[in-house]
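Enquirer: query.txt is reproduced below (compact mmCIF, C-alpha atoms and all ligand atoms).
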```txt
# COMPACT_ATOMS: atom_id res chain seq x y z
CA MET A 1 119.46 93.36 109.45
CA GLN A 2 118.28 96.37 107.51
CA SER A 3 117.66 99.66 109.18
CA GLN A 4 115.64 102.69 108.19
CA SER A 5 117.78 104.84 110.42
CA GLN A 6 120.42 104.64 107.71
CA SER A 7 119.13 106.98 105.05
CA PRO A 8 119.36 105.69 101.52
CA ALA A 9 121.95 107.04 99.13
CA VAL A 10 119.23 107.42 96.49
CA GLU A 11 115.53 107.98 97.16
CA MET A 12 113.89 105.12 95.26
CA SER A 13 110.28 106.04 96.24
CA GLU A 14 109.91 102.80 98.12
CA LEU A 15 108.46 102.34 101.62
CA PHE A 16 110.00 98.96 102.35
CA PRO A 17 113.51 99.56 103.74
CA TYR A 18 116.30 98.92 101.27
CA ALA A 19 119.18 101.12 102.32
CA GLN A 20 121.31 98.72 104.28
CA GLY A 21 122.55 96.29 101.69
CA PRO A 22 126.18 95.74 100.73
CA ALA A 23 127.95 98.63 99.04
CA LEU A 24 128.53 98.66 95.30
CA ARG A 25 131.97 97.71 94.06
CA THR A 26 131.72 98.07 90.32
CA SER A 27 129.66 97.54 87.20
CA GLN A 28 130.61 95.82 84.01
CA ALA A 29 128.89 96.33 80.66
CA HIS A 30 127.98 93.24 78.64
CA ASP A 31 126.22 93.04 75.31
CA LYS A 32 122.67 92.76 76.64
CA ALA A 33 123.05 93.42 80.34
CA LEU A 34 124.89 95.37 82.98
CA GLU A 35 126.59 93.26 85.60
CA ILE A 36 126.68 94.70 89.10
CA ILE A 37 129.15 93.52 91.69
CA TRP A 38 128.76 94.34 95.38
CA GLU A 39 131.43 94.52 98.05
CA ASN A 40 130.34 91.20 99.54
CA ALA A 41 131.06 89.59 96.12
CA ASP A 42 127.38 89.13 95.22
CA SER A 43 126.75 89.88 91.59
CA ALA A 44 123.74 90.13 89.32
CA ARG A 45 122.93 91.03 85.74
CA PHE A 46 120.20 93.51 84.84
CA SER A 47 119.02 94.10 81.30
CA TYR A 48 119.45 97.63 79.98
CA ARG A 49 115.76 97.85 79.23
CA TRP A 50 114.98 96.79 82.79
CA LEU A 51 117.27 99.47 84.16
CA ARG A 52 115.70 102.17 82.00
CA ASP A 53 112.22 101.01 83.02
CA HIS A 54 113.07 101.11 86.74
CA CYS A 55 114.53 104.60 86.93
CA ALA A 56 113.16 106.16 90.13
CA CYS A 57 113.77 109.82 89.38
CA PRO A 58 110.74 112.09 89.92
CA GLU A 59 110.07 112.12 86.18
CA CYS A 60 109.95 108.36 85.96
CA ARG A 61 108.32 107.54 89.28
CA HIS A 62 105.77 109.76 90.98
CA PRO A 63 107.30 111.00 94.23
CA MET A 64 103.95 111.01 96.08
CA THR A 65 102.16 107.92 94.77
CA ARG A 66 105.43 106.01 94.22
CA GLU A 67 103.89 104.65 91.05
CA ARG A 68 105.56 104.38 87.67
CA LEU A 69 105.21 107.35 85.36
CA TYR A 70 107.72 106.14 82.78
CA MET A 71 106.05 104.54 79.75
CA PRO A 72 108.41 102.35 77.73
CA LEU A 73 106.01 102.35 74.78
CA GLU A 74 106.42 106.10 74.40
CA ASP A 75 110.22 106.10 74.62
CA GLU A 76 111.67 105.60 71.16
CA ASN A 77 115.06 104.80 72.69
CA PHE A 78 113.75 102.13 75.02
CA LEU A 79 114.34 99.00 72.94
CA ASN A 80 117.92 99.99 72.16
CA ALA A 81 118.66 101.45 75.56
CA ARG A 82 122.35 101.21 76.42
CA PRO A 83 123.67 103.69 78.98
CA GLU A 84 127.08 104.76 80.11
CA ALA A 85 127.46 103.34 83.57
CA SER A 86 129.60 104.40 86.49
CA VAL A 87 129.69 103.95 90.24
CA GLU A 88 129.86 107.36 91.94
CA ASP A 89 129.90 107.64 95.75
CA GLY A 90 128.46 104.14 96.00
CA VAL A 91 125.59 104.95 93.64
CA LEU A 92 125.06 103.41 90.22
CA VAL A 93 124.74 106.27 87.74
CA LEU A 94 123.45 105.61 84.24
CA ARG A 95 123.55 108.19 81.47
CA TRP A 96 121.25 107.42 78.58
CA ALA A 97 121.70 108.45 74.95
CA ASP A 98 118.88 111.04 75.17
CA GLY A 99 120.53 112.77 78.12
CA HIS A 100 118.33 111.24 80.82
CA GLU A 101 120.18 110.25 84.01
CA SER A 102 119.21 107.45 86.38
CA ARG A 103 120.62 106.85 89.84
CA PHE A 104 120.20 103.52 91.64
CA ASP A 105 120.69 102.78 95.31
CA ALA A 106 123.07 99.86 95.93
CA GLY A 107 120.81 98.21 98.53
CA TRP A 108 117.70 98.62 96.39
CA LEU A 109 119.40 96.88 93.47
CA HIS A 110 120.74 94.19 95.75
CA GLN A 111 117.20 93.35 96.92
CA ARG A 112 116.16 93.04 93.30
CA ARG A 113 118.77 90.64 92.01
CA PRO A 114 116.77 88.54 89.54
CA GLU A 115 117.67 85.27 91.29
CA SER A 116 116.67 86.42 94.76
CA ARG A 117 113.34 86.92 96.45
CA ILE A 118 112.74 89.98 98.61
CA ASP A 119 112.03 88.83 102.13
CA ASP A 120 108.99 90.98 102.76
CA GLY A 121 107.76 89.12 105.82
CA VAL A 122 105.13 87.06 103.99
CA PRO A 123 105.83 83.35 104.54
CA ARG A 124 105.34 80.66 101.96
CA ALA A 125 102.80 77.92 102.54
CA GLU A 126 104.32 74.89 104.23
CA ALA A 127 102.48 71.58 104.02
CA TRP A 128 101.51 69.98 107.34
CA ARG A 129 103.71 67.13 108.38
CA GLU A 130 102.41 64.23 110.37
CA GLY A 131 101.80 65.34 113.95
CA PHE A 132 101.25 68.98 112.93
CA THR A 133 99.56 71.07 115.61
CA PRO A 134 98.31 74.56 114.87
CA ALA A 135 99.75 77.64 116.56
CA HIS A 136 97.68 79.33 119.29
CA VAL A 137 97.87 83.08 119.88
CA PRO A 138 96.22 84.71 122.91
CA HIS A 139 93.47 87.16 122.00
CA ALA A 140 95.05 89.84 124.19
CA GLU A 141 98.30 89.65 122.23
CA MET A 142 96.51 89.94 118.93
CA MET A 143 94.65 93.04 120.08
CA GLY A 144 97.67 94.34 121.97
CA GLY A 145 100.01 95.06 119.12
CA HIS A 146 102.40 94.15 116.41
CA GLU A 147 104.02 91.05 117.80
CA GLY A 148 100.80 89.09 118.38
CA ARG A 149 99.44 90.07 115.01
CA ARG A 150 102.62 89.11 113.26
CA GLU A 151 102.62 85.74 114.96
CA TRP A 152 98.98 85.06 114.11
CA LEU A 153 99.34 86.19 110.48
CA THR A 154 102.57 84.28 109.92
CA ALA A 155 101.11 81.03 111.23
CA LEU A 156 97.94 81.50 109.19
CA LEU A 157 99.75 82.13 105.92
CA ARG A 158 102.38 79.45 106.51
CA ASP A 159 100.19 76.65 107.93
CA GLY A 160 96.81 77.70 106.58
CA LEU A 161 95.32 77.35 110.09
CA VAL A 162 95.71 79.20 113.39
CA LEU A 163 93.80 79.54 116.66
CA LEU A 164 93.09 82.57 118.75
CA ASP A 165 92.54 81.79 122.45
CA ASP A 166 90.79 83.40 125.40
CA GLY A 167 88.75 86.02 123.62
CA PRO A 168 85.55 87.54 125.01
CA ARG A 169 82.24 85.71 124.55
CA GLU A 170 80.88 88.71 122.75
CA LEU A 171 78.67 88.92 119.72
CA GLU A 172 80.43 90.57 116.76
CA GLU A 173 83.91 90.05 118.19
CA VAL A 174 84.71 88.31 114.91
CA VAL A 175 83.91 91.54 113.08
CA ARG A 176 86.22 93.56 115.31
CA ILE A 177 89.01 91.11 114.64
CA ALA A 178 88.41 90.96 110.88
CA GLU A 179 88.40 94.73 110.66
CA LEU A 180 91.86 94.95 112.15
CA PHE A 181 92.95 93.78 108.73
CA GLY A 182 90.43 94.99 106.20
CA PRO A 183 86.79 95.04 105.19
CA MET A 184 85.03 91.67 105.36
CA ARG A 185 84.49 89.81 102.12
CA ALA A 186 80.73 89.63 101.65
CA THR A 187 78.98 86.71 99.93
CA ASN A 188 75.38 85.66 99.37
CA PHE A 189 75.37 84.74 103.09
CA GLY A 190 76.18 88.32 104.03
CA ALA A 191 79.39 89.87 105.30
CA ARG A 192 79.14 88.22 108.70
CA PHE A 193 77.14 85.01 109.22
CA ASP A 194 75.81 83.04 112.18
CA VAL A 195 76.49 79.30 112.22
CA GLN A 196 73.77 77.73 114.33
CA SER A 197 70.94 75.39 113.55
CA LYS A 198 68.12 77.45 112.05
CA PRO A 199 64.46 76.64 111.31
CA ASN A 200 64.60 77.00 107.50
CA PRO A 201 68.22 76.37 106.61
CA ASN A 202 69.46 77.27 103.11
CA ASN A 203 72.82 75.67 103.83
CA ALA A 204 74.06 72.49 105.50
CA ALA A 205 76.07 74.55 108.00
CA TYR A 206 72.79 75.96 109.39
CA THR A 207 71.56 72.52 110.45
CA ALA A 208 72.86 70.23 113.21
CA ILE A 209 74.10 67.55 110.84
CA GLY A 210 77.76 66.71 110.54
CA LEU A 211 79.66 68.49 107.78
CA GLU A 212 82.05 66.45 105.72
CA LEU A 213 85.39 68.12 105.08
CA HIS A 214 84.85 70.85 102.52
CA THR A 215 85.91 74.25 101.27
CA ASP A 216 83.34 77.03 101.42
CA LEU A 217 81.82 78.47 98.26
CA PRO A 218 83.76 76.60 95.59
CA ASN A 219 80.83 77.61 93.38
CA TRP A 220 82.32 81.11 93.18
CA ARG A 221 84.87 82.03 90.59
CA HIS A 222 86.93 83.40 93.45
CA PRO A 223 86.00 81.56 96.65
CA PRO A 224 86.73 83.45 99.87
CA ASP A 225 90.38 83.19 100.85
CA ILE A 226 90.42 83.27 104.64
CA GLN A 227 87.61 82.14 106.91
CA LEU A 228 87.25 83.23 110.52
CA LEU A 229 84.97 81.19 112.80
CA TYR A 230 84.48 82.62 116.26
CA CYS A 231 82.98 80.33 118.88
CA LEU A 232 80.43 81.93 121.20
CA GLU A 233 78.73 78.79 122.52
CA ASN A 234 79.60 75.14 122.15
CA GLU A 235 77.70 73.28 124.84
CA ALA A 236 75.93 70.77 122.59
CA GLU A 237 77.18 67.22 122.44
CA GLY A 238 79.28 66.71 119.32
CA GLY A 239 80.13 69.50 116.90
CA GLU A 240 83.90 69.12 117.06
CA SER A 241 85.87 70.88 114.32
CA LEU A 242 87.78 68.95 111.67
CA PHE A 243 90.51 70.20 109.35
CA ALA A 244 92.68 68.72 106.61
CA ASP A 245 95.52 70.29 104.63
CA GLY A 246 94.28 70.14 101.05
CA PHE A 247 97.71 71.09 99.69
CA ALA A 248 99.39 68.21 101.53
CA VAL A 249 96.71 65.77 100.37
CA ALA A 250 96.95 66.93 96.76
CA GLU A 251 100.76 66.64 96.89
CA ALA A 252 100.50 63.14 98.32
CA LEU A 253 98.09 62.18 95.57
CA ARG A 254 100.42 63.62 92.92
CA HIS A 255 103.18 61.48 94.37
CA GLU A 256 101.30 58.28 95.08
CA ALA A 257 98.76 58.21 92.25
CA PRO A 258 99.83 60.71 89.58
CA GLU A 259 97.13 59.69 87.11
CA LEU A 260 94.38 60.38 89.61
CA PHE A 261 95.97 63.71 90.49
CA LEU A 262 95.99 64.72 86.83
CA ARG A 263 92.37 63.73 86.43
CA LEU A 264 91.28 66.01 89.26
CA ARG A 265 93.52 68.77 87.94
CA ASP A 266 92.44 68.51 84.32
CA THR A 267 88.71 67.86 84.62
CA PRO A 268 86.62 70.95 85.33
CA ILE A 269 83.36 70.08 87.06
CA ASP A 270 80.35 72.14 88.02
CA PHE A 271 79.68 73.63 91.44
CA ARG A 272 76.44 75.42 92.20
CA PHE A 273 74.45 76.95 95.02
CA GLN A 274 70.79 77.85 94.61
CA ASP A 275 68.15 79.34 96.86
CA GLU A 276 65.21 81.70 96.30
CA ASP A 277 67.48 84.67 95.74
CA SER A 278 70.55 83.35 94.06
CA ASP A 279 72.03 80.82 91.68
CA ILE A 280 75.81 80.97 91.79
CA ALA A 281 77.69 78.52 89.63
CA VAL A 282 81.14 77.95 88.25
CA ARG A 283 83.00 75.24 86.37
CA ALA A 284 86.43 74.51 87.82
CA PRO A 285 88.66 71.55 88.65
CA VAL A 286 88.99 70.11 92.17
CA ILE A 287 92.74 70.77 92.15
CA GLU A 288 94.22 73.86 90.55
CA VAL A 289 97.94 74.44 90.11
CA ASP A 290 99.87 77.56 89.13
CA ASP A 291 102.16 77.80 86.14
CA THR A 292 105.07 76.39 88.13
CA GLY A 293 103.01 73.34 89.09
CA ARG A 294 102.50 74.35 92.73
CA ILE A 295 99.05 73.64 94.12
CA ARG A 296 97.14 76.89 94.10
CA GLU A 297 93.68 75.87 95.21
CA VAL A 298 91.48 72.98 96.22
CA ARG A 299 87.72 73.07 95.63
CA PHE A 300 85.91 70.34 97.46
CA ASN A 301 82.36 70.45 98.70
CA ASN A 302 80.30 67.38 98.03
CA TRP A 303 76.92 68.92 98.74
CA ILE A 304 77.21 71.82 96.38
CA ARG A 305 78.82 69.85 93.62
CA ASP A 306 76.39 70.24 90.71
CA THR A 307 75.37 67.81 87.97
CA LEU A 308 78.45 66.05 86.66
CA ARG A 309 78.45 66.75 82.94
CA LEU A 310 80.79 64.08 81.59
CA PRO A 311 80.46 61.16 79.20
CA PRO A 312 80.17 57.82 81.06
CA GLU A 313 83.79 56.64 80.76
CA GLU A 314 85.13 60.00 81.87
CA ALA A 315 82.56 60.25 84.64
CA ASP A 316 83.55 56.86 86.04
CA ALA A 317 87.24 57.67 85.83
CA TRP A 318 86.63 61.00 87.54
CA TYR A 319 84.63 59.36 90.36
CA GLU A 320 87.51 57.00 90.98
CA ALA A 321 89.97 59.86 91.43
CA TYR A 322 87.48 61.84 93.52
CA LEU A 323 86.94 59.00 95.96
CA VAL A 324 90.65 58.33 96.39
CA PHE A 325 91.25 62.04 97.08
CA TRP A 326 88.32 62.15 99.50
CA GLN A 327 89.52 59.04 101.32
CA ARG A 328 92.94 60.63 101.77
CA LEU A 329 91.38 63.79 103.17
CA ARG A 330 90.08 61.65 106.00
CA GLU A 331 93.46 60.09 106.80
CA PRO A 332 94.83 61.06 110.20
CA ARG A 333 98.22 62.04 108.72
CA PHE A 334 96.63 65.07 107.04
CA ARG A 335 94.20 65.93 109.79
CA VAL A 336 93.74 68.09 112.86
CA ASP A 337 90.58 67.82 114.97
CA PHE A 338 89.61 69.72 118.12
CA ALA A 339 86.60 71.16 119.90
CA LEU A 340 86.35 74.95 119.79
CA GLU A 341 85.86 76.62 123.15
CA PRO A 342 83.73 79.70 123.65
CA GLY A 343 86.02 82.69 123.16
CA GLN A 344 88.20 80.78 120.76
CA MET A 345 88.47 81.61 117.05
CA VAL A 346 89.83 79.48 114.29
CA ALA A 347 91.12 81.08 111.09
CA PHE A 348 92.04 79.12 108.02
CA ASP A 349 92.88 79.46 104.35
CA ASN A 350 89.66 78.30 102.73
CA ARG A 351 91.33 77.69 99.38
CA ARG A 352 93.82 75.34 100.94
CA VAL A 353 92.58 73.85 104.22
CA LEU A 354 89.32 71.91 104.25
CA HIS A 355 87.08 72.15 107.28
CA GLY A 356 84.18 70.20 108.66
CA ARG A 357 82.39 69.39 111.90
CA GLY A 358 80.92 66.45 113.69
CA ALA A 359 77.14 66.24 114.03
CA PHE A 360 75.77 67.78 117.21
CA ASP A 361 72.62 67.30 119.20
CA PRO A 362 70.89 70.67 119.66
CA ASN A 363 68.82 69.20 122.51
CA THR A 364 71.90 68.86 124.70
CA GLY A 365 73.00 72.50 124.57
CA ARG A 366 73.59 75.46 122.34
CA ARG A 367 76.19 75.81 119.64
CA HIS A 368 76.79 79.20 118.06
CA LEU A 369 79.65 80.37 115.88
CA GLN A 370 79.96 83.65 114.04
CA GLY A 371 81.96 83.72 110.88
CA THR A 372 83.25 85.96 108.16
CA TYR A 373 85.76 85.95 105.34
CA LEU A 374 88.76 88.08 104.45
CA ASP A 375 90.75 88.53 101.27
CA ILE A 376 94.25 87.21 101.77
CA ASP A 377 95.66 90.38 100.19
CA HIS A 378 94.73 92.35 103.32
CA LEU A 379 96.62 89.88 105.49
CA GLU A 380 99.73 89.82 103.31
CA SER A 381 99.65 93.59 103.16
CA HIS A 382 99.45 93.80 106.96
CA LEU A 383 102.51 91.56 107.30
CA ARG A 384 104.52 93.58 104.78
CA VAL A 385 103.73 96.80 106.60
CA LEU A 386 104.73 95.15 109.89
CA ALA A 387 107.96 93.99 108.24
CA ARG A 388 108.83 97.62 107.45
CA HIS A 389 108.83 98.30 111.17
CA ALA A 390 110.64 95.09 112.02
CA THR A 391 113.47 96.01 109.73
CA SER A 392 113.70 99.51 111.19
CA ALA A 393 113.61 98.36 114.82
CA ALA A 394 116.11 99.81 117.24
CA PRO A 395 119.15 97.54 117.59
CA ASP A 396 118.15 96.32 121.06
CA THR A 397 114.63 95.35 119.96
CA PRO A 398 114.36 91.64 119.28
CA THR A 399 113.55 91.13 115.63
CA THR A 400 111.91 88.08 114.18
CA SER A 401 114.02 86.18 111.75
CA THR A 402 111.81 86.54 108.72
CA ASN A 403 114.22 84.33 106.79
CA GLU A 404 112.98 81.33 108.67
CA THR A 405 109.45 81.84 107.49
CA GLY A 406 110.49 82.86 104.00
CA VAL A 407 111.54 79.42 102.90
CA SER A 408 109.45 76.31 102.80
C1 LIG B 1 80.60 76.72 107.76
C2 LIG B 1 81.05 75.54 108.46
C3 LIG B 1 81.62 74.59 110.54
C4 LIG B 1 81.05 74.44 111.91
O1 LIG B 1 79.88 77.52 108.35
O2 LIG B 1 80.97 76.89 106.59
O3 LIG B 1 81.61 74.71 107.83
O4 LIG B 1 81.84 74.09 112.77
N1 LIG B 1 80.86 75.49 109.77
O5 LIG B 1 79.86 74.62 112.10
ZN ZN B 2 114.14 108.81 85.30
ZN ZN B 3 82.08 75.52 105.80
```
Please go through the file and, once you have read it, give me the structure as structure tokens.
Ligand code: OGA
Ligand code: ZN
Ligand code: ZN

Expert:
Amino acid sequence: MQSQSQSPAVEMSELFPYAQGPALRTSQAHDKALEIIWENADSARFSYRWLRDHCACPECRHPMTRERLYMPLEDENFLNARPEASVEDGVLVLRWADGHESRFDAGWLHQRRPESRIDDGVPRAEAWREGFTPAHVPHAEMMGGHEGRREWLTALLRDGLVLLDDGPRELEEVVRIAELFGPMRATNFGARFDVQSKPNPNNAAYTAIGLELHTDLPNWRHPPDIQLLYCLENEAEGGESLFADGFAVAEALRHEAPELFLRLRDTPIDFRFQDEDSDIAVRAPVIEVDDTGRIREVRFNNWIRDTLRLPPEEADAWYEAYLVFWQRLREPRFRVDFALEPGQMVAFDNRRVLHGRGAFDPNTGRRHLQGTYLDIDHLESHLRVLARHATSAAPDTPTTSTNETGVS
């Protein structure tokens, strides 16, 4: 476990603790890279250019902003950088041809071995397995301090869905919760919206009809990341909440029907929302992957899918894939359904987890949710800042094993 109480050998202008790694044993110069060996026998190779670029002296890295000042483009020695290296008092010291000197902390370098990932407290997404049940965190713990917030954030980022229990039945509580983490992400529906059946609805959510599983606002280039829905009243008959893990469904499709998966990945379609004031449209595929092939995003919302602009053969092939994906979304193995209670809030990753609701009968009682969105960056940031404290906790303070959440 790292500890801030141990002061670093070299100030690297870095707020995340790095001091307590293994000590340096030696360095060995190779043609293109410097090999570093630590006392615990870990080793790693760093390119000379990389080392020059990452010098943390006050000339190269601003001591207040902690941002990089060094500009490789303006250093004529950069491309041929090749220092003299030595280990002095446990510190890696590099002397460059132009006289510049760089000092590297052993623990800082150890965290940055090219093959390793810094465990910064932010968990990776883990697909739901059959029988998955979401974590519940009491409202009082969330408001009460670090541990509750860490638990709630970790579950949300790992599972894409988490519940908050036993909150007050108070208007705007959802805003107070959102603002623990950052400003709300505003959309054409405002920063904070009321979900209840309204006289002149401009959106299916503002009626009493059932809502098929969907993601919100796939018609935006960047749909909102995290949605919070806070239940104030739920007395009407019906209106239960439905969720499906879009990542798990897309993975299953990739496995079980690869051709259909590729069709949804490779065919951009149009999404569009229009009312008197706005017309927001984007062309994007239903399934988006990152450059390593991991699912990055699912866009699925049948009522704001726009005109399908495809030639007939492609259109028919696309419909086939769409229906198979949709059918899988409804399969119990990917699903979690429950009725929200007043004072309960559900939070989910809107670019991963699809949500919906059963129809309700407004004549049997009231149903009122308040919702808002948050950028996931605020939540990840909050966890990283919490992880700074976790790693500097006093020895007798129980610390969460962030390793467990760091691997999927
Ligand atoms: C929404 C929505 C679900 C509900 O507002 O986007 O999907 O339970 N609401 O009413
Ligand atoms: Zn420097
Ligand atoms: Zn919705």

Enquirer: Enclose the full set of atoms of region 268-287 of chain A listed in the file within a box whose edges lie along x, y and z, apply 8 Å of padding to each of the six sides, and report centre and edge lengths in Å to one decimal as AutoDock Vina command-line options.

Expert:
```
--center_x 79.0 --center_y 77.4 --center_z 91.1 --size_x 43.5 --size_y 30.6 --size_z 27.5
```

Enquirer: Pull the neighbourhood of (87.5, 85.2, 116.3) for me: all residues within 8 Å in file coordinates, counting only C-alpha atoms, as a list in words.

Expert: Leu164, Gly167, Glu173, Val174, Val175, Ile177, Ala178, Leu228, Leu229, Tyr230, Cys231, Gly343, Gln344, Met345, Val346, Ala347 and Gly371 of chain A

Enquirer: What is the CA of Ile37 (chain A) to CA of Arg25 (chain A) distance in Å?

Expert: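 Pair CA of Ile37 (chain A) / CA of Arg25 (chain A) returns 5.6 Å.
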
Enquirer: Enumerate as a ChimeraX atom specification the residues within 6 Å of ligand ZN 2 (chain B), counting all atoms listed in the file.

Expert: /A:55-57,59-60,102

Enquirer: List all protein, DNA and RNA residues that have any atom at most 7 Å from ligand ZN 3 (chain B), counting all atoms listed in the file, and write the list as an NGL selection string.

Expert: :A and (205 or 214-216 or 355-356)

Enquirer: Using only C-alpha atoms, find all polymer residues with an atom at most 12 Å away from the point (72.0, 80.9, 92.7); report them as number ranges by chain.

Expert: A: 187-189, 202, 217, 219-220, 271-282, 304, 306

Enquirer: For the selection you just gave me, I'd like the residues written to a file as a PDB file, in the coordinates of the input, keeping C-alpha atoms.

Expert:
```pdb
ATOM      1  CA  THR A 187      78.980  86.710  99.930  1.00  0.00           C
ATOM      2  CA  ASN A 188      75.380  85.660  99.370  1.00  0.00           C
ATOM      3  CA  PHE A 189      75.370  84.740 103.090  1.00  0.00           C
ATOM      4  CA  ASN A 202      69.460  77.270 103.110  1.00  0.00           C
ATOM      5  CA  LEU A 217      81.820  78.470  98.260  1.00  0.00           C
ATOM      6  CA  ASN A 219      80.830  77.610  93.380  1.00  0.00           C
ATOM      7  CA  TRP A 220      82.320  81.110  93.180  1.00  0.00           C
ATOM      8  CA  PHE A 271      79.680  73.630  91.440  1.00  0.00           C
ATOM      9  CA  ARG A 272      76.440  75.420  92.200  1.00  0.00           C
ATOM     10  CA  PHE A 273      74.450  76.950  95.020  1.00  0.00           C
ATOM     11  CA  GLN A 274      70.790  77.850  94.610  1.00  0.00           C
ATOM     12  CA  ASP A 275      68.150  79.340  96.860  1.00  0.00           C
ATOM     13  CA  GLU A 276      65.210  81.700  96.300  1.00  0.00           C
ATOM     14  CA  ASP A 277      67.480  84.670  95.740  1.00  0.00           C
ATOM     15  CA  SER A 278      70.550  83.350  94.060  1.00  0.00           C
ATOM     16  CA  ASP A 279      72.030  80.820  91.680  1.00  0.00           C
ATOM     17  CA  ILE A 280      75.810  80.970  91.790  1.00  0.00           C
ATOM     18  CA  ALA A 281      77.690  78.520  89.630  1.00  0.00           C
ATOM     19  CA  VAL A 282      81.140  77.950  88.250  1.00  0.00           C
ATOM     20  CA  ILE A 304      77.210  71.820  96.380  1.00  0.00           C
ATOM     21  CA  ASP A 306      76.390  70.240  90.710  1.00  0.00           C
TER      22      ASP A 306
END
```

Enquirer: Grab the CA of Asn363 (chain A) to CA of Ala236 (chain A) distance for me, in Å with one decimal place.

Expert: 7.3 Å

Enquirer: How many Å lie between CA of Thr154 (chain A) and CA of Glu170 (chain A), rounded to one decimal?

Expert: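 Rounded to one decimal, the two atoms are 25.6 Å apart.
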
Enquirer: Restricting the calculation to all atoms listed in the file, which member of A:Tyr18, A:Glu341, A:His382, A:Asp53 is positioned closest to Leu163 (chain A)?

Expert: A:Glu341

Enquirer: Using only C-alpha atoms and all ligand atoms for the distances, tell me which of A:Ala208, A:Val336, A:Ala135, A:Leu253 is nearest to ligand LIG 1 (chain B).

Expert: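 Counting only C-alpha atoms and all ligand atoms, the residue closest to ligand LIG 1 (chain B) is A:Ala208.
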
Enquirer: Which is closer to Ala257 (chain A) than all the others in A:Leu171, A:Met12, A:Tyr322, A:Met64, using all atoms listed in the file?

Expert: A:Tyr322

Enquirer: So, counting only C-alpha atoms, which residue among A:Arg366, A:Gly144, A:Arg357, A:Phe334 is closest to Gly131 (chain A)?

Expert: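 Going through A:Arg366, A:Gly144, A:Arg357, A:Phe334 one by one, the smallest distance to Gly131 (chain A) is for A:Phe334.
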
Enquirer: Here is a test: counting all atoms listed in the file, which residue of A:Pro362, A:Pro223, A:Pro83, A:Gly182 is nearest to Ala29 (chain A)?

Expert: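 That would be A:Pro83, the residue with the smallest distance to Ala29 (chain A).
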
Enquirer: Please, which residues in region 231-264 of chain A fall within 12 Å of region 114-127 of chain A when counting only C-alpha atoms, and what is the closest atom pair and distance in Å to one decimal for each, ordered by chain then residue number, as CSV?

Expert:
```
residue,atom,partner,partner_atom,distance
A:Ala244,CA,A:Ala127,CA,10.5
A:Asp245,CA,A:Ala127,CA,7.1
A:Gly246,CA,A:Ala127,CA,8.8
A:Phe247,CA,A:Ala127,CA,6.5
A:Ala248,CA,A:Ala127,CA,5.2
A:Val249,CA,A:Ala127,CA,9.0
A:Ala250,CA,A:Ala127,CA,10.2
A:Glu251,CA,A:Ala127,CA,8.8
A:Ala252,CA,A:Ala127,CA,10.4
```

Enquirer: Can you list, as a VMD selection string, every protein, DNA or RNA residue that comes within 10 Å of Val289 (chain A) when you count all atoms listed in the file, leaving out same-chain residues fewer than 5 positions away?

Expert: chain A and resid 265 to 266 294 to 298

Enquirer: So that I can check the surroundings of Glu84 (chain A), please list as an NGL selection string every protein, DNA and RNA residue that reaches within 8 Å of it, counting only C-alpha atoms and ignoring chain neighbours fewer than 3 positions away.

Expert: :A and (94-96)

Enquirer: Leaving out Trp326 (chain A) and any residue of its chain fewer than 4 positions from it, which residues lie within 9 Å of it when counting all atoms listed in the file, given as number ranges by chain?

Expert: A: 213, 300, 321-322, 330

Enquirer: Point out the residue among A:Val137, A:Ala317, A:Ala33, A:Val353 with the least atom-to-atom distance to ligand LIG 1 (chain B), counting all atoms listed in the file.

Expert: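 Residue with the minimum atom-to-atom distance to ligand LIG 1 (chain B): A:Val353.
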
Enquirer: Quick one: residues within 12 Å of Leu15 (chain A), all atoms listed in the file, excluding same-chain residues fewer than 5 positions away - as a PDB file with C-alpha atoms, keeping the file's coordinate frame?

Expert:
```
ATOM      1  CA  GLN A   4     115.640 102.690 108.190  1.00  0.00           C
ATOM      2  CA  PRO A   8     119.360 105.690 101.520  1.00  0.00           C
ATOM      3  CA  PRO A  63     107.300 111.000  94.230  1.00  0.00           C
ATOM      4  CA  MET A  64     103.950 111.010  96.080  1.00  0.00           C
ATOM      5  CA  THR A  65     102.160 107.920  94.770  1.00  0.00           C
ATOM      6  CA  ARG A  66     105.430 106.010  94.220  1.00  0.00           C
ATOM      7  CA  GLU A  67     103.890 104.650  91.050  1.00  0.00           C
ATOM      8  CA  TRP A 108     117.700  98.620  96.390  1.00  0.00           C
ATOM      9  CA  ASP A 120     108.990  90.980 102.760  1.00  0.00           C
ATOM     10  CA  ARG A 384     104.520  93.580 104.780  1.00  0.00           C
ATOM     11  CA  VAL A 385     103.730  96.800 106.600  1.00  0.00           C
ATOM     12  CA  LEU A 386     104.730  95.150 109.890  1.00  0.00           C
ATOM     13  CA  ALA A 387     107.960  93.990 108.240  1.00  0.00           C
ATOM     14  CA  ARG A 388     108.830  97.620 107.450  1.00  0.00           C
ATOM     15  CA  HIS A 389     108.830  98.300 111.170  1.00  0.00           C
ATOM     16  CA  THR A 391     113.470  96.010 109.730  1.00  0.00           C
ATOM     17  CA  SER A 392     113.700  99.510 111.190  1.00  0.00           C
TER      18      SER A 392
END
```

Enquirer: Would you mind listing what lies within 8 Å of Val195 (chain A) as a PyMOL selection string, with only C-alpha atoms counted and same-chain residues fewer than 2 positions away left out?

Expert: chain A and resi 193+197+205-206+368-371
